[in-house]
file run.pdb (PDB, C-alpha atoms and all ligand atoms)
ATOM      1  CA  MET A   4     -67.476 -68.437  30.211
ATOM      2  CA  GLN A   5     -65.637 -69.615  27.151
ATOM      3  CA  THR A   6     -65.973 -68.545  23.581
ATOM      4  CA  VAL A   7     -64.916 -70.024  20.288
ATOM      5  CA  VAL A   8     -65.121 -68.628  16.800
ATOM      6  CA  ASP A   9     -66.354 -71.038  14.163
ATOM      7  CA  LEU A  10     -63.750 -70.359  11.507
ATOM      8  CA  THR A  11     -65.822 -72.186   8.902
ATOM      9  CA  ARG A  12     -68.413 -69.422   9.276
ATOM     10  CA  CYS A  13     -66.366 -66.337  10.144
ATOM     11  CA  GLN A  14     -66.124 -63.891   7.255
ATOM     12  CA  GLY A  15     -63.920 -61.351   8.998
ATOM     13  CA  TYR A  16     -66.589 -58.741   9.669
ATOM     14  CA  ALA A  17     -64.664 -57.778  12.829
ATOM     15  CA  GLN A  18     -67.687 -56.647  14.824
ATOM     16  CA  CYS A  19     -66.365 -58.864  17.584
ATOM     17  CA  VAL A  20     -62.983 -57.130  17.594
ATOM     18  CA  PHE A  21     -64.692 -53.754  17.739
ATOM     19  CA  LEU A  22     -66.978 -54.738  20.618
ATOM     20  CA  ALA A  23     -64.601 -56.896  22.669
ATOM     21  CA  PRO A  24     -61.007 -56.125  21.642
ATOM     22  CA  GLU A  25     -59.579 -57.676  24.795
ATOM     23  CA  VAL A  26     -61.007 -61.072  23.852
ATOM     24  CA  PHE A  27     -61.084 -61.230  20.066
ATOM     25  CA  GLU A  28     -58.101 -60.553  17.901
ATOM     26  CA  LEU A  29     -57.555 -60.579  14.173
ATOM     27  CA  HIS A  30     -54.831 -62.865  12.901
ATOM     28  CA  GLY A  31     -53.116 -62.936   9.571
ATOM     29  CA  GLU A  32     -54.059 -61.635   6.169
ATOM     30  CA  GLU A  33     -57.226 -63.686   6.083
ATOM     31  CA  GLY A  34     -58.664 -61.453   8.777
ATOM     32  CA  LEU A  35     -59.824 -64.361  10.868
ATOM     33  CA  LEU A  36     -59.597 -64.510  14.593
ATOM     34  CA  TYR A  37     -59.627 -66.735  17.586
ATOM     35  CA  ALA A  38     -60.662 -66.469  21.178
ATOM     36  CA  THR A  39     -60.518 -68.329  24.442
ATOM     37  CA  ALA A  40     -61.590 -68.031  28.073
ATOM     38  CA  VAL A  41     -63.573 -64.885  28.806
ATOM     39  CA  PRO A  42     -62.671 -62.824  31.886
ATOM     40  CA  ASP A  43     -65.689 -61.998  34.059
ATOM     41  CA  ASP A  44     -65.507 -58.320  33.212
ATOM     42  CA  GLN A  45     -65.696 -59.103  29.492
ATOM     43  CA  VAL A  46     -68.723 -61.401  29.500
ATOM     44  CA  GLU A  47     -71.257 -58.746  28.544
ATOM     45  CA  ARG A  48     -69.037 -57.463  25.736
ATOM     46  CA  VAL A  49     -68.639 -60.973  24.374
ATOM     47  CA  ARG A  50     -72.405 -61.513  24.462
ATOM     48  CA  GLN A  51     -72.830 -58.284  22.504
ATOM     49  CA  ALA A  52     -70.187 -59.401  20.018
ATOM     50  CA  ALA A  53     -71.909 -62.749  19.520
ATOM     51  CA  ALA A  54     -75.206 -60.985  18.882
ATOM     52  CA  ALA A  55     -73.566 -58.550  16.471
ATOM     53  CA  CYS A  56     -71.755 -61.104  14.325
ATOM     54  CA  PRO A  57     -73.609 -61.134  10.977
ATOM     55  CA  VAL A  58     -72.958 -64.835  10.382
ATOM     56  CA  GLN A  59     -73.390 -66.120  13.958
ATOM     57  CA  ALA A  60     -69.839 -67.448  14.055
ATOM     58  CA  ILE A  61     -69.279 -66.758  17.766
ATOM     59  CA  LEU A  62     -70.157 -69.630  20.038
ATOM     60  CA  LEU A  63     -70.553 -69.181  23.783
ATOM     61  CA  GLY A  64     -70.263 -71.801  26.459
ATOM     62  CA  GLU A  65     -70.396 -71.842  30.210
ATOM     63  CA  GLU A  66     -67.402 -73.316  32.021
TER      64      GLU A  66
HETATM   65 FE1  LIG B 101     -65.874 -63.192  12.197
HETATM   66 FE2  LIG B 101     -68.204 -62.548  13.108
HETATM   67 FE3  LIG B 101     -66.070 -61.553  14.195
HETATM   68  S1  LIG B 101     -67.665 -62.809  10.989
HETATM   69  S2  LIG B 101     -64.593 -61.418  12.557
HETATM   70  S3  LIG B 101     -66.650 -63.679  14.184
HETATM   71  S4  LIG B 101     -67.970 -60.474  13.837
END
call {"tool": "encode", "arguments": {"input": "run.pdb", "output": "structure tokens", "more": "lines below"}}
Ligand code: F3S
result
Amino acid sequence: MQTVVDLTRCQGYAQCVFLAPEVFELHGEEGLLYATAVPDDQVERVRQAAAACPVQAILLGEE
């Protein structure tokens, strides 16, 4: 699985960082983040993070 954060939507709520800290990471003073390929053992956490994002900025895709 892969994941991408739509930075035009992300408002820095950081629910994703709380739920899946091994995948999502805050960068810079803007509080935005980025992500990449999702290890198998993190897939469920990333799904939870996507569901928890208040602005639906987390996009999921199968490889
Ligand atoms: Fe942004 Fe949503 Fe995470 S707003 S910081 S992608 S919870």
call {"tool": "closest_residue", "arguments": {"input": "run.pdb", "among": "A:Gly64, A:Gly15, A:Pro24, A:Pro42", "to": "ligand LIG 101 (chain B)", "atoms": "only C-alpha atoms and all ligand atoms"}}
result
A:Gly15
call {"tool": "residues_near_ligand", "arguments": {"input": "run.pdb", "ligand": "ligand LIG 101 (chain B)", "cutoff": "6 Å", "atoms": "all atoms listed in the file", "output": "PyMOL selection string"}}
result
chain A and resi 8+13-19+35+56-58+60-61
call {"tool": "residues_around", "arguments": {"input": "run.pdb", "residues": "Gln45 of chain A", "least_positions_apart": "2", "cutoff": "12 Å", "atoms": "all atoms listed in the file", "output": "ChimeraX atom specification"}}
result
/A:4-6,19,22-27,39-43,47-52
call {"tool": "closest_residue", "arguments": {"input": "run.pdb", "among": "A:Ala54, A:Gln59, A:Glu65, A:Glu28", "to": "Asp9 of chain A", "atoms": "only C-alpha atoms"}}
result
A:Gln59
